Amino acid sequence: MKFVIDKAIPFIEGVFEPLGAEVIYKEGPDIVHADIVDADALVIRTRTRCDAAMLEGTSVKLIATATASMDNIDQAWCKEHGIFVQNASGCNAGGVTNYVFSALFGTASRKSIPLMGKKIGIIGLGAAGQRVEEMALALGFKTLRYDPLRAEKEGPAEFHDLDTVLSGADIVTMHIPVNDTTRGMADASFFAKMKPGAFFINTAQGELVVEQDLIDAIPRLGPVALDTWCHEPDINRQLLDLVDIATPHIAGYTLQGKQIGTSMAIRAVARFFSLSSLYDFFPTTEIVEYQAVHIDAHEKTQGEIASVIQYNYPIFTDDFMFRMNPDRFKELRINYSYRREFYF
């Protein structure tokens, strides 16, 4: 067995070698066709483009990514050529949820906006959207749910149409994948239907948003927080200057998320190649900083909740570092100090 692995994946070095595998570690962007000609598996993040140019003529049978996103993988080509693809679905949900509420309470605190009893419109109820809803309900928010695929499968009773969500929500947060039907969904019409003063948060994908339409809408909206951008890493500087929080696509970058993502990728390889000793692999550690923090929100005021959230994830530090170095988008992501998650 020969595996080529992105060396930036944490907790993975030395896992496969004791089982007789030949392992090549390289920086994700530096992995090229010649590296994988005789490889059985690729274990990557989003930094390695897996398309026909990369994969044609190789012996790769499995691509396992330690991330939820698979935008860098030509899944249709892989399916056609018998390459199995497995992602780490949901691994970043906790980090994304922490980001949403740190952005929400942080900007509300700065602008003296009351939040208690407000409605959060959740666009997409996948792993991250569900976690956002759980925390929202734990903190006393009401939720409006938009997910047409789930509504079709489960029935419409627990879901709302998009117009209802946009017109009724005080906060709109995006957690839906980009595809032919969702690309550019947050356009002029979308923002016109939102309440004046409503928050807008996008931690999903930049291509969900028509950025010029958001720029035009910002004067009538409330706080705007963006972690994802069109044309990353070449971001829209005008938009950067207008939003309340700007970060370089790091919402899901937590220690727990990386542990989960790595474990899911390793388990995928283990099951594909029948490496039974790794079927339940999880990178355990005794380091206290790797453990999630429980926050008791019982009888706390909005200000107290805001303070404790900012203590556990001071999002404005990430915002400041990005604004000071917008040209270093990739570098800020690669060198990001993973934070630990909190929950209520």
# chains A, B, ... in the order shown; residues from 1 in each chain; ligands from 1
>>> select_by_dssp(residues="stretch 11-131 of chain A", states="strand (DSSP E or B)", output="list in words")
Glu22, Val23, Ile24, Tyr25, Lys26, Ala41, Leu42, Val43, Ile44, Cys50, Leu62, Ile63, Ala64, Thr65, Ile73, Phe84, Val85, Gln86, Lys119, Ile120, Gly121, Ile122 and Ile123 of chain A
>>> residues_around(residues="stretch 26-35 of chain A", least_positions_apart="2", cutoff="10 Å", atoms="only C-alpha atoms", output="list in words")
Phe3, Val4, Ile5, Asp6, Lys7, Ala8, Ile9, Val23, Ile24, Val37, Asp38, Ala39, Leu42, Val43, Ile44, Arg45, Thr46, Arg47, Thr48, Arg49, Cys50, Ala52, Ala53, Met54, Leu55, Glu56, Gly57 and Thr58 of chain A
>>> write_last_selection(atoms="C-alpha atoms", output="compact mmCIF listing (two decimals), in the first residue's frame")
# COMPACT_ATOMS: atom_id res chain seq x y z
CA PHE A 3 -0.52 6.57 0.55
CA VAL A 4 0.20 10.21 -0.30
CA ILE A 5 -0.85 12.53 2.53
CA ASP A 6 -1.08 16.29 3.03
CA LYS A 7 1.49 16.85 5.77
CA ALA A 8 -0.61 19.66 7.27
CA ILE A 9 -3.27 17.18 8.43
CA VAL A 23 3.60 6.96 3.18
CA ILE A 24 4.66 10.13 1.40
CA VAL A 37 1.17 7.56 -10.17
CA ASP A 38 1.65 4.40 -8.08
CA ALA A 39 -0.29 5.51 -4.99
CA LEU A 42 -4.71 10.24 -1.38
CA VAL A 43 -5.44 11.78 2.03
CA ILE A 44 -5.87 15.51 1.60
CA ARG A 45 -7.48 18.77 2.64
CA THR A 46 -8.98 21.40 0.34
CA ARG A 47 -5.52 22.51 -0.83
CA THR A 48 -5.06 19.68 -3.37
CA ARG A 49 -6.97 19.85 -6.66
CA CYS A 50 -8.11 16.36 -7.66
CA ALA A 52 -8.55 14.54 -14.48
CA ALA A 53 -5.19 16.27 -14.95
CA MET A 54 -4.08 15.07 -11.52
CA LEU A 55 -5.61 11.60 -11.48
CA GLU A 56 -5.53 10.29 -15.06
CA GLY A 57 -3.17 7.35 -15.38
CA THR A 58 -2.63 6.86 -11.64
>>> atom_distance(atom1="atom CA of A:Gln75", atom2="atom CA of A:Asn179")
13.1 Å
>>> closest_residue(among="A:Thr228, A:Ser263, A:Thr284, A:Ser69", to="A:Ala246", atoms="only C-alpha atoms")
A:Thr228
>>> select_by_dssp(residues="stretch 72-221 of chain A", states="alpha helix (DSSP H)", output="ChimeraX atom specification")
/A:75-80,93-111,127-138,148-154,162-168,188-193,211-217
>>> closest_residue(among="A:Leu139, A:Ala186, A:Ala268, A:Met321", to="A:Tyr336", atoms="only C-alpha atoms")
A:Met321
>>> residues_around(residues="A:Asp327", least_positions_apart="4", cutoff="9 Å", atoms="only C-alpha atoms", output="mmCIF file with all heavy atoms, in the first residue's frame")
data_model
loop_
_atom_site.group_PDB
_atom_site.id
_atom_site.type_symbol
_atom_site.label_atom_id
_atom_site.label_comp_id
_atom_site.auth_asym_id
_atom_site.auth_seq_id
_atom_site.Cartn_x
_atom_site.Cartn_y
_atom_site.Cartn_z
ATOM 1 N N PRO A 233 -8.146 33.370 -3.030
ATOM 2 C CA PRO A 233 -7.816 34.320 -1.960
ATOM 3 C C PRO A 233 -7.869 35.782 -2.375
ATOM 4 O O PRO A 233 -7.505 36.657 -1.588
ATOM 5 C CB PRO A 233 -6.382 33.913 -1.619
ATOM 6 C CG PRO A 233 -5.812 33.502 -2.937
ATOM 7 C CD PRO A 233 -6.937 32.817 -3.659
ATOM 8 N N ASP A 234 -8.294 36.052 -3.611
ATOM 9 C CA ASP A 234 -8.352 37.442 -4.083
ATOM 10 C C ASP A 234 -9.708 38.021 -3.721
ATOM 11 O O ASP A 234 -10.655 37.959 -4.510
ATOM 12 C CB ASP A 234 -8.112 37.492 -5.593
ATOM 13 C CG ASP A 234 -6.765 36.921 -5.983
ATOM 14 O OD1 ASP A 234 -5.791 37.234 -5.287
ATOM 15 O OD2 ASP A 234 -6.708 36.157 -6.963
ATOM 16 N N ILE A 235 -9.807 38.593 -2.548
ATOM 17 C CA ILE A 235 -11.101 39.007 -2.027
ATOM 18 C C ILE A 235 -11.459 40.429 -2.449
ATOM 19 O O ILE A 235 -10.606 41.214 -2.854
ATOM 20 C CB ILE A 235 -11.134 38.879 -0.494
ATOM 21 C CG1 ILE A 235 -10.127 39.821 0.155
ATOM 22 C CG2 ILE A 235 -10.857 37.457 -0.063
ATOM 23 C CD1 ILE A 235 -10.589 40.402 1.430
ATOM 24 N N PHE A 322 -6.814 39.776 9.861
ATOM 25 C CA PHE A 322 -7.138 39.697 8.435
ATOM 26 C C PHE A 322 -7.136 41.079 7.798
ATOM 27 O O PHE A 322 -6.602 41.272 6.698
ATOM 28 C CB PHE A 322 -8.489 39.012 8.253
ATOM 29 C CG PHE A 322 -8.870 38.766 6.825
ATOM 30 C CD1 PHE A 322 -7.928 38.387 5.879
ATOM 31 C CD2 PHE A 322 -10.190 38.907 6.415
ATOM 32 C CE1 PHE A 322 -8.290 38.152 4.559
ATOM 33 C CE2 PHE A 322 -10.560 38.669 5.102
ATOM 34 C CZ PHE A 322 -9.600 38.294 4.169
ATOM 35 N N GLU A 331 -1.835 32.385 3.763
ATOM 36 C CA GLU A 331 -0.898 32.236 4.873
ATOM 37 C C GLU A 331 -1.611 32.264 6.220
ATOM 38 O O GLU A 331 -1.290 31.495 7.131
ATOM 39 C CB GLU A 331 0.153 33.350 4.808
ATOM 40 C CG GLU A 331 1.241 33.237 5.863
ATOM 41 C CD GLU A 331 2.262 34.351 5.752
ATOM 42 O OE1 GLU A 331 2.276 35.052 4.716
ATOM 43 O OE2 GLU A 331 3.033 34.535 6.713
#
>>> closest_residue(among="A:Gln212, A:Asn98, A:Ser307, A:Thr254", to="A:Ser337", atoms="only C-alpha atoms")
A:Thr254
>>> residues_around(residues="A:Gly303", least_positions_apart="2", cutoff="10 Å", atoms="only C-alpha atoms", output="PyMOL selection string")
chain A and resi 105-106+108-109+112+114+300-301+305-309
>>> closest_residue(among="A:Gln256, A:Leu275, A:Tyr99, A:Arg110", to="A:Asn312", atoms="only C-alpha atoms")
A:Tyr99
>>> residues_around(residues="A:Tyr146", least_positions_apart="6", cutoff="10 Å", atoms="only C-alpha atoms", output="compact mmCIF listing (two decimals) with all heavy atoms, in the first residue's frame")
# COMPACT_ATOMS: atom_id res chain seq x y z
N GLY A 121 -32.80 32.94 11.15
CA GLY A 121 -33.13 32.21 9.93
C GLY A 121 -31.92 31.41 9.49
O GLY A 121 -30.86 31.96 9.20
N ILE A 122 -32.07 30.08 9.47
CA ILE A 122 -30.96 29.19 9.14
C ILE A 122 -31.17 28.67 7.72
O ILE A 122 -32.13 27.96 7.45
CB ILE A 122 -30.87 28.03 10.15
CG1 ILE A 122 -30.75 28.57 11.57
CG2 ILE A 122 -29.69 27.13 9.81
CD1 ILE A 122 -30.88 27.51 12.65
N ILE A 123 -30.27 29.04 6.83
CA ILE A 123 -30.35 28.63 5.42
C ILE A 123 -29.49 27.38 5.27
O ILE A 123 -28.27 27.45 5.15
CB ILE A 123 -29.85 29.75 4.48
CG1 ILE A 123 -30.52 31.09 4.81
CG2 ILE A 123 -30.10 29.35 3.03
CD1 ILE A 123 -32.00 31.12 4.62
N GLY A 124 -30.12 26.22 5.31
CA GLY A 124 -29.41 24.96 5.21
C GLY A 124 -29.31 24.28 6.56
O GLY A 124 -28.70 24.81 7.48
N LEU A 125 -29.94 23.12 6.68
CA LEU A 125 -29.97 22.39 7.95
C LEU A 125 -29.18 21.09 7.85
O LEU A 125 -29.64 20.01 8.22
CB LEU A 125 -31.41 22.09 8.38
CG LEU A 125 -32.15 23.16 9.20
CD1 LEU A 125 -31.53 23.33 10.58
CD2 LEU A 125 -32.26 24.47 8.48
N GLY A 129 -25.75 23.63 10.12
CA GLY A 129 -27.02 24.30 10.37
C GLY A 129 -27.75 23.73 11.57
O GLY A 129 -28.36 24.46 12.36
N PRO A 156 -42.92 19.22 4.71
CA PRO A 156 -42.71 20.66 4.87
C PRO A 156 -43.07 21.22 6.25
O PRO A 156 -42.79 22.38 6.53
CB PRO A 156 -43.64 21.25 3.81
CG PRO A 156 -44.76 20.25 3.70
CD PRO A 156 -44.13 18.91 3.92
N GLU A 158 -41.92 21.16 9.26
CA GLU A 158 -40.91 21.73 10.14
C GLU A 158 -40.00 22.74 9.43
O GLU A 158 -39.02 23.20 10.02
CB GLU A 158 -40.04 20.60 10.73
CG GLU A 158 -40.81 19.58 11.55
CD GLU A 158 -41.49 20.21 12.76
OE1 GLU A 158 -40.87 21.11 13.37
OE2 GLU A 158 -42.63 19.82 13.07
N PHE A 159 -40.33 23.06 8.19
CA PHE A 159 -39.49 23.96 7.41
C PHE A 159 -40.32 25.13 6.87
O PHE A 159 -41.54 25.11 6.91
CB PHE A 159 -38.83 23.20 6.26
CG PHE A 159 -37.93 22.09 6.73
CD1 PHE A 159 -38.43 20.81 6.91
CD2 PHE A 159 -36.59 22.34 7.00
CE1 PHE A 159 -37.61 19.78 7.37
CE2 PHE A 159 -35.76 21.32 7.46
CZ PHE A 159 -36.27 20.05 7.63
N HIS A 160 -39.62 26.15 6.38
CA HIS A 160 -40.27 27.34 5.85
C HIS A 160 -39.75 27.61 4.45
O HIS A 160 -38.65 27.18 4.08
CB HIS A 160 -39.97 28.56 6.74
CG HIS A 160 -40.33 28.36 8.18
ND1 HIS A 160 -39.49 27.72 9.08
CD2 HIS A 160 -41.44 28.71 8.88
CE1 HIS A 160 -40.06 27.70 10.27
NE2 HIS A 160 -41.24 28.28 10.18
N ASP A 161 -40.53 28.36 3.66
CA ASP A 161 -40.01 28.78 2.36
C ASP A 161 -39.04 29.94 2.58
O ASP A 161 -39.00 30.57 3.64
CB ASP A 161 -41.14 29.16 1.41
CG ASP A 161 -41.99 30.32 1.91
OD1 ASP A 161 -41.44 31.41 2.15
OD2 ASP A 161 -43.22 30.13 2.05
N LEU A 162 -38.24 30.21 1.56
CA LEU A 162 -37.18 31.21 1.70
C LEU A 162 -37.73 32.60 2.00
O LEU A 162 -37.18 33.31 2.85
CB LEU A 162 -36.33 31.23 0.43
CG LEU A 162 -35.10 32.14 0.48
CD1 LEU A 162 -34.16 31.74 1.61
CD2 LEU A 162 -34.36 32.11 -0.86
N ASP A 163 -38.80 32.99 1.36
CA ASP A 163 -39.36 34.32 1.58
C ASP A 163 -39.79 34.50 3.03
O ASP A 163 -39.59 35.57 3.63
CB ASP A 163 -40.56 34.57 0.66
CG ASP A 163 -40.14 34.80 -0.78
OD1 ASP A 163 -38.92 34.81 -1.06
OD2 ASP A 163 -41.03 34.97 -1.63
N THR A 164 -40.37 33.45 3.62
CA THR A 164 -40.80 33.52 5.02
C THR A 164 -39.61 33.69 5.95
O THR A 164 -39.64 34.47 6.90
CB THR A 164 -41.58 32.24 5.40
OG1 THR A 164 -42.74 32.16 4.58
CG2 THR A 164 -41.98 32.26 6.87
N VAL A 165 -38.55 32.95 5.66
CA VAL A 165 -37.34 33.05 6.49
C VAL A 165 -36.74 34.45 6.40
O VAL A 165 -36.43 35.09 7.42
CB VAL A 165 -36.30 31.99 6.07
CG1 VAL A 165 -34.97 32.22 6.80
CG2 VAL A 165 -36.82 30.59 6.35
N LEU A 166 -36.60 34.95 5.18
CA LEU A 166 -35.94 36.24 5.00
C LEU A 166 -36.75 37.39 5.58
O LEU A 166 -36.20 38.32 6.19
CB LEU A 166 -35.68 36.49 3.51
CG LEU A 166 -34.71 35.51 2.83
CD1 LEU A 166 -34.59 35.85 1.35
CD2 LEU A 166 -33.35 35.54 3.50
N MET A 174 -25.92 31.53 6.74
CA MET A 174 -25.85 30.64 5.57
C MET A 174 -25.10 29.36 5.90
O MET A 174 -23.95 29.40 6.37
CB MET A 174 -25.15 31.36 4.41
CG MET A 174 -25.74 32.71 4.05
SD MET A 174 -27.40 32.60 3.33
CE MET A 174 -27.01 31.96 1.69
N HIS A 175 -25.74 28.21 5.61
CA HIS A 175 -25.10 26.91 5.85
C HIS A 175 -25.50 25.91 4.77
O HIS A 175 -25.73 24.74 5.04
CB HIS A 175 -25.48 26.39 7.23
CG HIS A 175 -25.11 27.33 8.32
ND1 HIS A 175 -23.81 27.48 8.75
CD2 HIS A 175 -25.85 28.22 9.03
CE1 HIS A 175 -23.77 28.41 9.70
NE2 HIS A 175 -25.00 28.88 9.87
N ILE A 176 -25.56 26.39 3.54
CA ILE A 176 -26.05 25.58 2.43
C ILE A 176 -24.91 25.40 1.42
O ILE A 176 -24.08 26.29 1.25
CB ILE A 176 -27.28 26.26 1.78
CG1 ILE A 176 -28.14 25.28 1.03
CG2 ILE A 176 -26.87 27.44 0.94
CD1 ILE A 176 -29.55 25.80 0.73
>>> closest_residue(among="A:Val209, A:Val172, A:Val100, A:Ile218", to="A:Asp187", atoms="only C-alpha atoms")
A:Val209
